[in-house]
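Trainee: I have a structure I would like to understand better, so I am pasting it below and will then ask my questions one at a time.
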Amino acid sequence: MSEEEYEYEDEYSDDDEEVEYYAVRPNKTQQKRDMAALFALGEELSGLSETQLKTFELPENIHKAIVQVAGMPPRGARKRQLKFIAGQLHKIDIEPIQEKLARIKSKSAHAVREHHIVERWRDRLIAEGNEALTELLDEQPQADRQQLRQLIRNAQKEAAAGKPSKSSRLLYRYLKEVFDFEEDESVDDEPESDE
């Protein structure tokens, strides 16, 4: 996005004395696409929590507008506010904002993937018992076999009795500790191939 409205092209005549300038009109379709992208960026920013939004270090007027739009119902006023935000974002460099937003999305996607991996292992351990436990201990030898057996046994008893799944939640928490995703990324895809 250029801040100048017009760009000029030089055309030299044969005698190199006269210079003619032609105005190049901005491409309105591209301008509309750019504003739509800024509108979408404003909408994404409005979906973030207050803590996440503060990490962007946005100008005060944009920050306030985003906080206001987050609480608005999806009606005309919200759309007008998002257009205002898009106009304000147009005035600043948005590349760092887009990069930080991409990192936040990436972390969320990783967290969801890790949650599903741990959830699958928990369900397998409760359903298959010792067979799944042996596989898990082969992949995660640092896990405490006795603690896992106790949690699995309690979760199976609760499921059979139709009681609330307290042990199942405890098993999930313990498995989350066992799968230390930040340090060992190679484990991520292994449980998916077991099903």
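So you can find residues: chains in the structure tokens are A, B, ... in the order shown, residues in each start at 1, and ligands are numbered from 1 in order.
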Excluding Ile126 (chain A) and residues on its chain fewer than 6 positions from it, collect all residues at most 8 Å away from it, counting only C-alpha atoms, and give them as a list in words.

Mentor: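 My list of contacting residues is Ile152, Arg153, Ala155 and Gln156 of chain A.
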
Trainee: What does the structure give for the distance between CA of Glu114 (chain A) and CA of Ala70 (chain A), in Å to one decimal?

Mentor: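 Calculated distance between CA of Glu114 (chain A) and CA of Ala70 (chain A) is 28.2 Å.
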
Trainee: Env of region 174-179 of chain A: 7 Å cut, atoms = only C-alpha atoms, seq-sep filter 4 positions within chain, self excluded. Answer as a list in words.

Mentor: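 Those residues are Val118, Ala143 and Leu170 of chain A.
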
Trainee: Write a file of the just-selected residues containing N, CA and C atoms, as a PDB file, in the first residue's frame.

Mentor:
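After the write, selection.pdb holds the following:
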```
ATOM      1  N   VAL A 118      -3.355 -36.161  23.433  1.00  0.00           N
ATOM      2  CA  VAL A 118      -3.475 -36.617  24.823  1.00  0.00           C
ATOM      3  C   VAL A 118      -4.842 -37.246  25.061  1.00  0.00           C
ATOM      4  N   ALA A 143       7.373 -42.187  32.008  1.00  0.00           N
ATOM      5  CA  ALA A 143       6.068 -42.219  32.677  1.00  0.00           C
ATOM      6  C   ALA A 143       6.077 -43.214  33.825  1.00  0.00           C
ATOM      7  N   LEU A 170      -7.975 -36.720  35.775  1.00  0.00           N
ATOM      8  CA  LEU A 170      -6.643 -36.822  36.376  1.00  0.00           C
ATOM      9  C   LEU A 170      -5.674 -37.546  35.442  1.00  0.00           C
TER      10      LEU A 170
END
```

Trainee: Show me a table, sorted first by chain and then by increasing residue number, of the residues of region 65-143 of chain A having an atom at most 9 Å from region 39-48 of chain A, each with its shortest atom pair and the distance in Å to one decimal, counting only C-alpha atoms and written as CSV.

Mentor:
```
residue,atom,partner,partner_atom,distance
A:Ala65,CA,A:Ser46,CA,8.9
A:Ile66,CA,A:Ser46,CA,5.3
A:Val67,CA,A:Ser46,CA,6.6
A:Gln68,CA,A:Ser46,CA,8.5
A:Val69,CA,A:Ser46,CA,6.4
A:Ala70,CA,A:Ser46,CA,4.9
A:Gly71,CA,A:Ser46,CA,8.7
A:Lys79,CA,A:Phe39,CA,8.9
A:Leu82,CA,A:Phe39,CA,6.0
A:Lys83,CA,A:Phe39,CA,6.2
A:Phe84,CA,A:Phe39,CA,8.7
A:Ile85,CA,A:Gly42,CA,6.1
A:Ala86,CA,A:Phe39,CA,4.9
A:Gly87,CA,A:Phe39,CA,8.4
A:Leu89,CA,A:Gly42,CA,8.1
A:Ile97,CA,A:Leu41,CA,8.9
A:Gln98,CA,A:Leu41,CA,7.8
A:Leu101,CA,A:Leu45,CA,7.9
```

Trainee: Go ahead and dump the residues you just picked, N, CA, C and O atoms, as a CSV table (one decimal), in the first residue's frame.

Mentor:
```csv
chain,number,residue,atom,x,y,z
A,65,ALA,N,-10.7,1.1,20.0
A,65,ALA,CA,-11.7,0.7,19.0
A,65,ALA,C,-11.9,-0.8,18.9
A,65,ALA,O,-13.0,-1.3,18.8
A,66,ILE,N,-10.8,-1.5,19.0
A,66,ILE,CA,-10.9,-3.0,19.0
A,66,ILE,C,-11.6,-3.6,20.2
A,66,ILE,O,-12.4,-4.5,20.2
A,67,VAL,N,-11.3,-3.0,21.4
A,67,VAL,CA,-11.9,-3.4,22.6
A,67,VAL,C,-13.4,-3.1,22.5
A,67,VAL,O,-14.2,-4.0,23.0
A,68,GLN,N,-13.8,-2.0,22.0
A,68,GLN,CA,-15.2,-1.6,21.9
A,68,GLN,C,-15.9,-2.6,20.9
A,68,GLN,O,-17.0,-3.1,21.2
A,69,VAL,N,-15.3,-2.9,19.8
A,69,VAL,CA,-16.0,-3.7,18.8
A,69,VAL,C,-16.1,-5.2,19.3
A,69,VAL,O,-17.0,-5.9,18.9
A,70,ALA,N,-15.2,-5.6,20.2
A,70,ALA,CA,-15.3,-7.0,20.7
A,70,ALA,C,-16.6,-7.2,21.4
A,70,ALA,O,-17.1,-8.3,21.4
A,71,GLY,N,-17.2,-6.2,22.1
A,71,GLY,CA,-18.4,-6.4,22.8
A,71,GLY,C,-19.6,-6.1,22.0
A,71,GLY,O,-20.7,-6.1,22.6
A,79,LYS,N,-20.0,-3.1,12.2
A,79,LYS,CA,-19.4,-2.9,10.9
A,79,LYS,C,-18.8,-1.6,10.7
A,79,LYS,O,-17.7,-1.5,10.1
A,82,LEU,N,-15.6,-1.5,12.6
A,82,LEU,CA,-14.6,-2.3,11.9
A,82,LEU,C,-14.0,-1.5,10.7
A,82,LEU,O,-12.8,-1.6,10.4
A,83,LYS,N,-14.9,-0.7,10.0
A,83,LYS,CA,-14.4,0.1,8.9
A,83,LYS,C,-13.5,1.2,9.5
A,83,LYS,O,-12.5,1.5,8.8
A,84,PHE,N,-13.8,1.7,10.6
A,84,PHE,CA,-13.0,2.7,11.3
A,84,PHE,C,-11.6,2.1,11.6
A,84,PHE,O,-10.5,2.7,11.3
A,85,ILE,N,-11.6,0.9,12.2
A,85,ILE,CA,-10.4,0.2,12.5
A,85,ILE,C,-9.5,0.0,11.3
A,85,ILE,O,-8.3,0.2,11.3
A,86,ALA,N,-10.2,-0.5,10.2
A,86,ALA,CA,-9.5,-0.7,8.9
A,86,ALA,C,-8.8,0.6,8.4
A,86,ALA,O,-7.7,0.5,8.0
A,87,GLY,N,-9.5,1.7,8.5
A,87,GLY,CA,-9.0,3.0,8.1
A,87,GLY,C,-7.8,3.4,8.9
A,87,GLY,O,-6.8,3.9,8.4
A,89,LEU,N,-5.8,1.2,10.6
A,89,LEU,CA,-4.7,0.2,10.3
A,89,LEU,C,-4.0,0.6,9.0
A,89,LEU,O,-2.9,0.3,8.8
A,97,ILE,N,2.0,-6.8,13.0
A,97,ILE,CA,0.7,-7.2,13.6
A,97,ILE,C,0.3,-8.5,13.0
A,97,ILE,O,-0.1,-9.4,13.7
A,98,GLN,N,0.4,-8.6,11.7
A,98,GLN,CA,0.1,-9.9,11.0
A,98,GLN,C,1.0,-11.0,11.4
A,98,GLN,O,0.5,-12.2,11.6
A,101,LEU,N,-0.1,-12.1,15.0
A,101,LEU,CA,-1.3,-12.8,14.9
A,101,LEU,C,-1.2,-14.2,14.4
A,101,LEU,O,-1.8,-15.2,14.9
```

Trainee: Which distance in Å separates CA of Leu136 (chain A) and CA of His116 (chain A), to one decimal?

Mentor: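 Atom-to-atom, CA of Leu136 (chain A) to CA of His116 (chain A), that is 15.4 Å.
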
Trainee: Counting only C-alpha atoms, figure out which residue out of A:Gly162, A:Glu131, A:Glu60, A:Gln52 gets nearest to Lys105 (chain A).

Mentor: A:Gln52
